[in-house]
>>> print(open('structure_7.pdb').read())   # PDB, C-alpha atoms
ATOM      1  CA  GLY A  24      23.437  64.366  12.511
ATOM      2  CA  ASP A  25      23.456  63.147  16.104
ATOM      3  CA  PHE A  26      19.997  63.729  17.545
ATOM      4  CA  SER A  27      20.734  62.021  20.854
ATOM      5  CA  HIS A  28      19.507  63.672  24.040
ATOM      6  CA  GLU A  29      23.018  64.535  25.200
ATOM      7  CA  ASN A  30      24.038  66.044  21.879
ATOM      8  CA  ARG A  31      20.918  68.189  21.715
ATOM      9  CA  LEU A  32      21.804  69.705  25.087
ATOM     10  CA  LYS A  33      25.228  70.726  23.747
ATOM     11  CA  LYS A  34      23.837  72.702  20.825
ATOM     12  CA  ASN A  35      22.898  76.377  20.818
ATOM     13  CA  PRO A  36      19.296  76.378  19.617
ATOM     14  CA  VAL A  37      17.404  79.448  18.435
ATOM     15  CA  PRO A  38      15.419  80.573  21.515
ATOM     16  CA  CYS A  39      12.305  81.570  19.585
ATOM     17  CA  VAL A  40       9.016  80.394  18.188
ATOM     18  CA  PHE A  41       8.375  81.698  14.691
ATOM     19  CA  ARG A  42       5.068  82.449  12.985
ATOM     20  CA  VAL A  43       4.525  82.151   9.240
ATOM     21  CA  ASP A  44       1.645  83.655   7.265
ATOM     22  CA  VAL A  45       0.103  80.688   5.447
ATOM     23  CA  ALA A  46      -1.148  82.795   2.539
ATOM     24  CA  LYS A  47       2.209  84.486   1.970
ATOM     25  CA  ARG A  48       4.287  81.446   3.023
ATOM     26  CA  GLY A  49       6.914  83.617   4.609
ATOM     27  CA  PRO A  50       9.069  85.182   5.685
ATOM     28  CA  GLY A  51       8.705  83.891   9.216
ATOM     29  CA  GLU A  52       8.575  86.365  12.079
ATOM     30  CA  VAL A  53       9.706  85.926  15.655
ATOM     31  CA  PHE A  54       6.462  85.394  17.549
ATOM     32  CA  ILE A  55       7.674  84.352  21.016
ATOM     33  CA  GLY A  56      11.132  84.824  22.527
ATOM     34  CA  LYS A  57      14.025  87.054  21.519
ATOM     35  CA  LEU A  58      16.782  86.280  19.044
ATOM     36  CA  GLY A  59      20.165  86.176  20.758
ATOM     37  CA  SER A  60      18.594  86.473  24.206
ATOM     38  CA  PRO A  61      17.813  83.074  25.710
ATOM     39  CA  GLY A  62      16.272  83.050  29.142
ATOM     40  CA  LYS A  63      14.165  81.107  31.617
ATOM     41  CA  ASP A  64      11.936  83.913  32.857
ATOM     42  CA  LYS A  65       8.547  85.155  31.650
ATOM     43  CA  ASP A  66       8.457  85.533  27.841
ATOM     44  CA  LEU A  67      12.028  84.395  27.165
ATOM     45  CA  LEU A  68      12.839  80.900  25.874
ATOM     46  CA  THR A  69      15.978  78.763  25.744
ATOM     47  CA  ALA A  70      15.330  75.702  23.553
ATOM     48  CA  PRO A  71      11.702  75.439  22.416
ATOM     49  CA  CYS A  72      10.731  71.966  21.198
ATOM     50  CA  GLY A  73       7.080  70.926  21.074
ATOM     51  CA  LEU A  74       4.218  73.374  20.931
ATOM     52  CA  THR A  75       0.443  73.302  20.681
ATOM     53  CA  VAL A  76      -2.479  75.727  20.582
ATOM     54  CA  ALA A  77      -5.653  75.257  22.636
ATOM     55  CA  GLY A  78      -8.314  77.658  23.879
ATOM     56  CA  GLY A  79      -6.533  80.671  22.431
ATOM     57  CA  MET A  80      -3.348  79.818  24.289
ATOM     58  CA  LEU A  81       0.016  78.845  22.842
ATOM     59  CA  TYR A  82       1.841  76.216  24.897
ATOM     60  CA  VAL A  83       5.603  75.904  24.336
ATOM     61  CA  ALA A  84       7.784  73.099  25.722
ATOM     62  CA  ASP A  85      11.073  74.821  26.588
ATOM     63  CA  HIS A  86      13.463  71.878  26.746
ATOM     64  CA  ARG A  87      16.386  73.566  28.500
ATOM     65  CA  GLY A  88      14.206  75.917  30.498
ATOM     66  CA  ASP A  89      12.602  72.996  32.363
ATOM     67  CA  ARG A  90       9.149  74.442  31.859
ATOM     68  CA  VAL A  91       6.104  74.640  29.629
ATOM     69  CA  VAL A  92       5.448  78.309  28.909
ATOM     70  CA  VAL A  93       1.958  79.596  28.057
ATOM     71  CA  PHE A  94       1.111  82.697  26.036
ATOM     72  CA  LYS A  95      -2.046  84.349  24.736
ATOM     73  CA  GLU A  96      -2.071  83.767  21.011
ATOM     74  CA  VAL A  97      -3.842  87.049  20.284
ATOM     75  CA  ASP A  98      -1.212  89.372  21.769
ATOM     76  CA  ARG A  99       1.760  87.088  22.649
ATOM     77  CA  SER A 100       1.508  88.012  26.341
ATOM     78  CA  PHE A 101       2.901  85.646  28.958
ATOM     79  CA  VAL A 102       0.161  84.118  31.122
ATOM     80  CA  GLY A 103       1.833  81.294  33.040
ATOM     81  CA  GLU A 104       4.122  78.289  33.132
ATOM     82  CA  ILE A 105       4.358  74.709  34.317
ATOM     83  CA  LYS A 106       7.592  73.563  35.903
ATOM     84  CA  VAL A 107       8.648  70.218  34.416
ATOM     85  CA  LYS A 108      12.068  68.720  33.755
ATOM     86  CA  THR A 109      13.238  68.815  30.100
ATOM     87  CA  PRO A 110       9.880  68.753  28.283
ATOM     88  CA  ASP A 111       9.977  67.562  24.675
ATOM     89  CA  THR A 112       6.477  67.452  23.214
ATOM     90  CA  LEU A 113       3.036  68.092  24.620
ATOM     91  CA  GLY A 114      -0.701  68.219  24.038
ATOM     92  CA  VAL A 115      -3.662  69.919  25.701
ATOM     93  CA  ASP A 116      -7.275  68.974  26.330
ATOM     94  CA  PRO A 117      -9.062  72.263  25.519
ATOM     95  CA  THR A 118     -12.173  71.191  27.460
ATOM     96  CA  SER A 119     -10.540  70.462  30.815
ATOM     97  CA  GLY A 120      -7.340  72.463  30.292
ATOM     98  CA  ALA A 121      -5.262  69.411  31.225
ATOM     99  CA  VAL A 122      -1.732  69.417  29.816
ATOM    100  CA  TYR A 123       0.069  66.227  28.810
ATOM    101  CA  VAL A 124       3.849  66.610  28.648
ATOM    102  CA  CYS A 125       6.453  64.166  27.386
ATOM    103  CA  SER A 126       9.608  64.575  29.460
ATOM    104  CA  LEU A 127      13.041  63.036  29.000
ATOM    105  CA  VAL A 128      15.373  63.717  31.912
ATOM    106  CA  ASN A 129      18.328  61.830  30.456
ATOM    107  CA  GLN A 130      18.975  59.072  27.958
ATOM    108  CA  ASN A 131      19.597  56.493  30.677
ATOM    109  CA  THR A 132      16.058  56.726  32.060
ATOM    110  CA  PRO A 133      12.746  56.138  30.278
ATOM    111  CA  ALA A 134      10.842  59.097  28.934
ATOM    112  CA  GLU A 135       7.582  59.840  30.732
ATOM    113  CA  ILE A 136       4.212  61.351  29.934
ATOM    114  CA  ILE A 137       3.058  63.577  32.784
ATOM    115  CA  LYS A 138      -0.464  64.943  33.197
ATOM    116  CA  PHE A 139      -0.918  68.383  34.783
ATOM    117  CA  ASP A 140      -4.241  69.929  35.793
ATOM    118  CA  GLY A 141      -3.461  73.032  33.717
ATOM    119  CA  TYR A 142      -1.156  76.004  33.551
ATOM    120  CA  LYS A 143      -2.894  78.018  36.304
ATOM    121  CA  ASN A 144      -1.999  75.605  39.111
ATOM    122  CA  GLY A 145       0.623  73.493  37.313
ATOM    123  CA  LYS A 146      -0.187  70.550  39.563
ATOM    124  CA  GLU A 147       1.059  67.133  38.507
ATOM    125  CA  LEU A 148      -1.709  64.530  38.609
ATOM    126  CA  TYR A 149       0.021  61.356  37.475
ATOM    127  CA  ARG A 150       2.597  60.009  35.030
ATOM    128  CA  ILE A 151       3.599  56.911  33.047
ATOM    129  CA  SER A 152       6.925  55.647  31.677
ATOM    130  CA  LEU A 153       7.264  55.067  27.934
ATOM    131  CA  PRO A 154       9.015  52.273  26.030
ATOM    132  CA  PRO A 155      12.585  53.128  24.972
ATOM    133  CA  THR A 156      13.271  54.475  21.490
ATOM    134  CA  GLY A 157      16.909  53.461  21.183
ATOM    135  CA  GLN A 158      19.755  55.919  20.747
ATOM    136  CA  TYR A 159      17.609  59.036  20.286
ATOM    137  CA  GLY A 160      15.587  58.701  23.474
ATOM    138  CA  HIS A 161      12.916  61.302  22.831
ATOM    139  CA  HIS A 162       9.347  60.657  21.698
ATOM    140  CA  ARG A 163       6.811  62.521  19.624
ATOM    141  CA  ILE A 164       3.302  62.297  21.017
ATOM    142  CA  ALA A 165      -0.141  63.119  19.618
ATOM    143  CA  VAL A 166      -2.954  63.872  22.090
ATOM    144  CA  ASP A 167      -6.477  63.086  20.883
ATOM    145  CA  ALA A 168      -8.690  65.096  23.237
ATOM    146  CA  SER A 169     -11.772  64.404  21.109
ATOM    147  CA  ALA A 170     -11.700  60.785  22.273
ATOM    148  CA  LYS A 171     -13.286  59.829  25.574
ATOM    149  CA  PRO A 172     -11.231  58.867  27.468
ATOM    150  CA  VAL A 173      -8.437  61.064  26.118
ATOM    151  CA  ARG A 174      -5.914  59.078  24.098
ATOM    152  CA  ILE A 175      -2.231  59.759  23.606
ATOM    153  CA  TRP A 176      -0.615  58.112  20.606
ATOM    154  CA  VAL A 177       3.085  57.335  20.848
ATOM    155  CA  PRO A 178       5.137  56.025  17.930
ATOM    156  CA  SER A 179       8.451  54.488  18.913
ATOM    157  CA  GLY A 180      11.385  52.945  17.160
ATOM    158  CA  TYR A 181      14.465  54.292  15.474
ATOM    159  CA  LEU A 182      16.432  53.987  12.277
ATOM    160  CA  GLY A 183      16.539  50.368  11.201
ATOM    161  CA  SER A 184      13.834  49.118  13.568
ATOM    162  CA  PRO A 185      10.199  48.356  12.834
ATOM    163  CA  ILE A 186       8.022  51.241  13.974
ATOM    164  CA  SER A 187       5.766  50.300  16.867
ATOM    165  CA  LEU A 188       2.772  52.235  18.133
ATOM    166  CA  CYS A 189       1.164  52.362  21.547
ATOM    167  CA  CYS A 190      -1.997  54.004  22.800
ATOM    168  CA  ILE A 191      -1.966  55.631  26.248
ATOM    169  CA  GLU A 192      -5.425  56.205  27.730
ATOM    170  CA  ASP A 193      -6.287  58.645  30.505
ATOM    171  CA  ALA A 194      -8.358  56.579  32.934
ATOM    172  CA  GLY A 195      -9.137  59.585  35.134
ATOM    173  CA  ASP A 196      -6.835  58.551  37.943
ATOM    174  CA  LYS A 197      -3.888  57.183  35.996
ATOM    175  CA  LEU A 198      -2.443  56.791  32.494
ATOM    176  CA  VAL A 199      -2.770  53.286  31.077
ATOM    177  CA  ASN A 200      -0.714  51.797  28.246
ATOM    178  CA  LYS A 201      -3.201  49.956  26.017
ATOM    179  CA  GLY A 202      -0.468  48.669  23.740
ATOM    180  CA  ASP A 203      -0.540  48.564  19.959
ATOM    181  CA  PRO A 204      -4.160  48.327  18.743
ATOM    182  CA  ARG A 205      -3.226  47.294  15.227
ATOM    183  CA  SER A 206      -3.685  43.795  13.873
ATOM    184  CA  LYS A 207      -0.956  41.351  14.860
ATOM    185  CA  GLU A 208      -0.804  39.999  11.329
ATOM    186  CA  LEU A 209       2.405  40.713   9.448
ATOM    187  CA  SER A 210       2.369  44.197   7.964
ATOM    188  CA  ALA A 211       4.933  46.692   6.798
ATOM    189  CA  GLY A 212       5.113  50.466   6.675
ATOM    190  CA  GLY A 213       6.147  52.218   3.486
ATOM    191  CA  PRO A 214       6.270  49.178   1.169
ATOM    192  CA  ARG A 215       8.079  49.729  -2.125
ATOM    193  CA  ASP A 216      10.292  48.070  -4.718
ATOM    194  CA  LEU A 217       7.833  45.431  -5.930
ATOM    195  CA  SER A 218       9.123  42.540  -8.026
ATOM    196  CA  VAL A 219       7.160  39.617  -9.472
ATOM    197  CA  ASP A 220       8.516  36.147 -10.209
ATOM    198  CA  HIS A 221       6.023  34.949 -12.844
ATOM    199  CA  LEU A 222       7.593  31.498 -13.098
ATOM    200  CA  ARG A 223       7.033  30.746  -9.398
ATOM    201  CA  ASN A 224       3.953  32.921  -8.812
ATOM    202  CA  GLU A 225       5.689  34.962  -6.137
ATOM    203  CA  LEU A 226       5.625  38.669  -5.301
ATOM    204  CA  TYR A 227       8.451  40.419  -3.451
ATOM    205  CA  VAL A 228       7.827  43.571  -1.436
ATOM    206  CA  LYS A 229      10.503  45.621   0.294
ATOM    207  CA  ALA A 230       9.642  47.250   3.619
ATOM    208  CA  ASN A 231      11.681  48.137   6.710
ATOM    209  CA  SER A 232      14.826  47.192   4.712
ATOM    210  CA  SER A 233      13.661  43.558   4.425
ATOM    211  CA  PHE A 234      12.014  41.714   1.559
ATOM    212  CA  HIS A 235       8.795  39.787   2.043
ATOM    213  CA  ARG A 236       8.019  36.841  -0.232
ATOM    214  CA  ILE A 237       4.276  36.579  -0.956
ATOM    215  CA  ASP A 238       2.355  33.832  -2.701
ATOM    216  CA  ASP A 239       0.908  35.641  -5.723
ATOM    217  CA  LEU A 240      -2.056  33.245  -5.906
ATOM    218  CA  THR A 241      -3.194  33.353  -2.261
ATOM    219  CA  GLY A 242      -1.730  36.645  -1.020
ATOM    220  CA  LYS A 243      -0.134  34.881   1.956
ATOM    221  CA  VAL A 244       3.339  35.875   3.170
ATOM    222  CA  LYS A 245       5.682  32.913   2.802
ATOM    223  CA  ASP A 246       8.759  34.292   4.536
ATOM    224  CA  THR A 247      11.002  37.325   5.013
ATOM    225  CA  LEU A 248      14.415  37.578   3.360
ATOM    226  CA  PRO A 249      17.260  39.559   4.951
ATOM    227  CA  MET A 250      19.188  40.214   1.705
ATOM    228  CA  ASP A 251      22.442  40.250   3.644
ATOM    229  CA  THR A 252      25.038  42.828   2.614
ATOM    230  CA  PRO A 253      28.494  43.585   4.072
ATOM    231  CA  GLN A 254      27.004  46.528   5.972
ATOM    232  CA  ARG A 255      23.400  46.366   7.139
ATOM    233  CA  SER A 256      22.918  50.079   6.360
ATOM    234  CA  MET A 257      23.391  49.304   2.655
ATOM    235  CA  ALA A 258      20.093  47.422   2.659
ATOM    236  CA  TYR A 259      18.200  50.723   2.886
ATOM    237  CA  GLY A 260      19.100  51.556  -0.706
ATOM    238  CA  LEU A 261      18.997  48.004  -2.025
ATOM    239  CA  GLN A 262      16.658  47.217  -4.912
ATOM    240  CA  VAL A 263      16.312  43.672  -6.244
ATOM    241  CA  VAL A 264      14.449  41.825  -8.982
ATOM    242  CA  ALA A 265      13.721  38.117  -9.189
ATOM    243  CA  GLY A 266      15.626  36.320 -11.938
ATOM    244  CA  ILE A 267      14.385  33.420 -14.019
ATOM    245  CA  ASP A 268      17.046  31.257 -12.339
ATOM    246  CA  GLY A 269      15.404  31.752  -8.942
ATOM    247  CA  ASN A 270      18.111  34.079  -7.664
ATOM    248  CA  PHE A 271      17.834  37.805  -6.979
ATOM    249  CA  TYR A 272      19.773  40.597  -8.628
ATOM    250  CA  GLY A 273      20.132  44.017  -7.097
ATOM    251  CA  ASP A 274      22.134  47.200  -6.833
ATOM    252  CA  VAL A 275      23.568  47.968  -3.412
ATOM    253  CA  PHE A 276      23.780  51.684  -2.760
ATOM    254  CA  GLY A 277      26.915  52.938  -1.046
ATOM    255  CA  ALA A 278      29.595  55.590  -1.225
ATOM    256  CA  VAL A 279      31.731  55.558  -4.344
ATOM    257  CA  GLY A 280      34.427  52.952  -3.859
ATOM    258  CA  ALA A 281      32.904  51.628  -0.632
ATOM    259  CA  ALA A 282      33.139  47.913   0.017
ATOM    260  CA  GLY A 283      29.985  46.150  -1.087
ATOM    261  CA  SER A 284      28.727  48.805  -3.502
ATOM    262  CA  GLY A 285      27.632  47.742  -6.953
ATOM    263  CA  LEU A 286      25.624  44.917  -8.491
ATOM    264  CA  TRP A 287      24.918  41.902  -6.297
ATOM    265  CA  ARG A 288      23.375  38.449  -6.729
ATOM    266  CA  PHE A 289      21.542  36.671  -3.896
ATOM    267  CA  ASP A 290      20.151  33.138  -3.610
ATOM    268  CA  ARG A 291      16.503  32.359  -2.813
ATOM    269  CA  GLN A 292      17.185  32.723   0.907
ATOM    270  CA  GLY A 293      18.679  36.200   0.543
ATOM    271  CA  LYS A 294      22.292  35.098   0.978
ATOM    272  CA  PRO A 295      24.901  36.779  -1.249
ATOM    273  CA  LEU A 296      26.346  34.715  -4.067
TER     274      LEU A 296
END
>>> encode(input="structure_7.pdb", output="structure tokens")
Amino acid sequence: GDFSHENRLKKNPVPCVFRVDVAKRGPGEVFIGKLGSPGKDKDLLTAPCGLTVAGGMLYVADHRGDRVVVFKEVDRSFVGEIKVKTPDTLGVDPTSGAVYVCSLVNQNTPAEIIKFDGYKNGKELYRISLPPTGQYGHHRIAVDASAKPVRIWVPSGYLGSPISLCCIEDAGDKLVNKGDPRSKELSAGGPRDLSVDHLRNELYVKANSSFHRIDDLTGKVKDTLPMDTPQRSMAYGLQVVAGIDGNFYGDVFGAVGAAGSGLWRFDRQGKPL
């Protein structure tokens, strides 16, 4: 479906947070909010997105309500709120009570992480803009309050793009983007579809819809092959094997009767033959 920011605002979300007994694995019960009764006051919700638990409190990012709502976990009672525009996801430092909120006002502006001193005062301390994610706009953040300074991990990217990762550190007076701490050497997430060319001592690994050619004797990546197809989206389901003639043979997944579906042959550079 369309998970863009604008489309999400058009939907009619369930205005509740549900709780599920882990031992019984269901059914879920309405824990916060009221079915069929969205609202922006006290214990009512409109479009809950992210949530977290810290210090016995349940924090709920109410996307359409423009607030983070806080409840006592033990009895569901409303204890406070933080006013913030369209919050998506959040995290809390249980030691200091600081609340880190990811907010996306609209898809034409960058999302931001905003630090608040806590739910009692709801005072904004500082904020930082995040890299764009493409058509979806929103981010998912993970707050590591056990680290000193506190770290906020932000994956970004979207369908068809390599997934990047950045680390935001709380310097005490501002949020600092420390970039991607991972090695800059070529790597790939979710590798699969391995194929070995025994005649040429080469290994082929598919990741991020591209195929990497690796020297089987040294382990070094030689190059990356696009495996061009009529529609780039077909490459997600493409599987290939190396032939003894040096070419590649693969099945291109697509709708029945769609152009480009079926068995394909590619040359050593990934161009269709």
>>> resolve_selection(input="structure_7.pdb", expression="the PyMOL selection byres ((chain A and resi 85) around 8)", output="VMD selection string")
chain A and resid 68 to 73 83 to 84 86 to 92 109 to 111
>>> residues_around(input="structure_7.pdb", residues="A:Pro178", least_positions_apart="4", cutoff="10 Å", atoms="all atoms listed in the file", output="mmCIF file with C-alpha atoms, in the coordinates of the input")
data_model
loop_
_atom_site.group_PDB
_atom_site.id
_atom_site.type_symbol
_atom_site.label_atom_id
_atom_site.label_comp_id
_atom_site.auth_asym_id
_atom_site.auth_seq_id
_atom_site.Cartn_x
_atom_site.Cartn_y
_atom_site.Cartn_z
ATOM 1 C CA PRO A 154 9.015 52.273 26.030
ATOM 2 C CA THR A 156 13.271 54.475 21.490
ATOM 3 C CA HIS A 162 9.347 60.657 21.698
ATOM 4 C CA ARG A 163 6.811 62.521 19.624
ATOM 5 C CA ILE A 164 3.302 62.297 21.017
ATOM 6 C CA ALA A 165 -0.141 63.119 19.618
ATOM 7 C CA ILE A 186 8.022 51.241 13.974
ATOM 8 C CA SER A 187 5.766 50.300 16.867
ATOM 9 C CA LEU A 188 2.772 52.235 18.133
ATOM 10 C CA CYS A 189 1.164 52.362 21.547
ATOM 11 C CA CYS A 190 -1.997 54.004 22.800
ATOM 12 C CA ASP A 203 -0.540 48.564 19.959
#
>>> residues_near_point(input="structure_7.pdb", point="(23.6, 78.8, 21.4)", cutoff="12 Å", atoms="only C-alpha atoms", output="PDB file with C-alpha atoms, keeping the file's coordinate frame")
ATOM      1  CA  ARG A  31      20.918  68.189  21.715  1.00  0.00           C
ATOM      2  CA  LEU A  32      21.804  69.705  25.087  1.00  0.00           C
ATOM      3  CA  LYS A  33      25.228  70.726  23.747  1.00  0.00           C
ATOM      4  CA  LYS A  34      23.837  72.702  20.825  1.00  0.00           C
ATOM      5  CA  ASN A  35      22.898  76.377  20.818  1.00  0.00           C
ATOM      6  CA  PRO A  36      19.296  76.378  19.617  1.00  0.00           C
ATOM      7  CA  VAL A  37      17.404  79.448  18.435  1.00  0.00           C
ATOM      8  CA  PRO A  38      15.419  80.573  21.515  1.00  0.00           C
ATOM      9  CA  CYS A  39      12.305  81.570  19.585  1.00  0.00           C
ATOM     10  CA  LEU A  58      16.782  86.280  19.044  1.00  0.00           C
ATOM     11  CA  GLY A  59      20.165  86.176  20.758  1.00  0.00           C
ATOM     12  CA  SER A  60      18.594  86.473  24.206  1.00  0.00           C
ATOM     13  CA  PRO A  61      17.813  83.074  25.710  1.00  0.00           C
ATOM     14  CA  GLY A  62      16.272  83.050  29.142  1.00  0.00           C
ATOM     15  CA  LEU A  68      12.839  80.900  25.874  1.00  0.00           C
ATOM     16  CA  THR A  69      15.978  78.763  25.744  1.00  0.00           C
ATOM     17  CA  ALA A  70      15.330  75.702  23.553  1.00  0.00           C
ATOM     18  CA  ARG A  87      16.386  73.566  28.500  1.00  0.00           C
TER      19      ARG A  87
END
>>> residues_around(input="structure_7.pdb", residues="stretch 193-197 of chain A", least_positions_apart="4", cutoff="8 Å", atoms="all atoms listed in the file", output="PyMOL selection string")
chain A and resi 148-150+172-174
>>> write_last_selection(input="structure_7.pdb", atoms="C-alpha atoms", output="PDB file, in the coordinates of the input")
ATOM      1  CA  LEU A 148      -1.709  64.530  38.609  1.00  0.00           C
ATOM      2  CA  TYR A 149       0.021  61.356  37.475  1.00  0.00           C
ATOM      3  CA  ARG A 150       2.597  60.009  35.030  1.00  0.00           C
ATOM      4  CA  PRO A 172     -11.231  58.867  27.468  1.00  0.00           C
ATOM      5  CA  VAL A 173      -8.437  61.064  26.118  1.00  0.00           C
ATOM      6  CA  ARG A 174      -5.914  59.078  24.098  1.00  0.00           C
TER       7      ARG A 174
END
>>> atom_distance(input="structure_7.pdb", atom1="atom CA of A:Ser169", atom2="atom CA of A:Ile191")
14.1 Å
>>> residues_near_point(input="structure_7.pdb", point="(21.4, 43.8, -7.4)", cutoff="6 Å", atoms="only C-alpha atoms", output="number ranges by chain")
A: 263, 272-274, 286-288
>>> write_last_selection(input="structure_7.pdb", atoms="C-alpha atoms", output="PDB file, keeping the file's coordinate frame")
ATOM      1  CA  VAL A 263      16.312  43.672  -6.244  1.00  0.00           C
ATOM      2  CA  TYR A 272      19.773  40.597  -8.628  1.00  0.00           C
ATOM      3  CA  GLY A 273      20.132  44.017  -7.097  1.00  0.00           C
ATOM      4  CA  ASP A 274      22.134  47.200  -6.833  1.00  0.00           C
ATOM      5  CA  LEU A 286      25.624  44.917  -8.491  1.00  0.00           C
ATOM      6  CA  TRP A 287      24.918  41.902  -6.297  1.00  0.00           C
ATOM      7  CA  ARG A 288      23.375  38.449  -6.729  1.00  0.00           C
TER       8      ARG A 288
END
>>> closest_residue(input="structure_7.pdb", among="A:Val275, A:Leu198, A:Cys125, A:Ala170", to="A:Thr112", atoms="only C-alpha atoms")
A:Cys125
>>> residues_around(input="structure_7.pdb", residues="A:Ala77", least_positions_apart="2", cutoff="7 Å", atoms="all atoms listed in the file", output="MDAnalysis selection string")
chainID A and resid 75 79:81 115 117
>>> atom_distance(input="structure_7.pdb", atom1="atom CA of A:Leu222", atom2="atom CA of A:Met250")
20.7 Å
>>> atom_distance(input="structure_7.pdb", atom1="atom CA of A:Gly78", atom2="atom CA of A:Arg48")
24.7 Å
>>> axis_aligned_box(input="structure_7.pdb", around="stretch 93-104 of chain A", padding_each_side="3 Å", output="JSON")
{"center_x": 0.1, "center_y": 83.8, "center_z": 26.7, "size_x": 14.0, "size_y": 17.1, "size_z": 18.8}
>>> residues_around(input="structure_7.pdb", residues="A:Gly51", least_positions_apart="4", cutoff="6 Å", atoms="all atoms listed in the file", output="mmCIF file with C-alpha atoms, keeping the file's coordinate frame")
data_model
loop_
_atom_site.group_PDB
_atom_site.id
_atom_site.type_symbol
_atom_site.label_atom_id
_atom_site.label_comp_id
_atom_site.auth_asym_id
_atom_site.auth_seq_id
_atom_site.Cartn_x
_atom_site.Cartn_y
_atom_site.Cartn_z
ATOM 1 C CA PHE A 41 8.375 81.698 14.691
ATOM 2 C CA ARG A 42 5.068 82.449 12.985
ATOM 3 C CA VAL A 43 4.525 82.151 9.240
#
>>> resolve_selection(input="structure_7.pdb", expression="the PyMOL selection byres ((chain A and resi 238) around 12)", output="ChimeraX atom specification")
/A:219-228,235-237,239-246
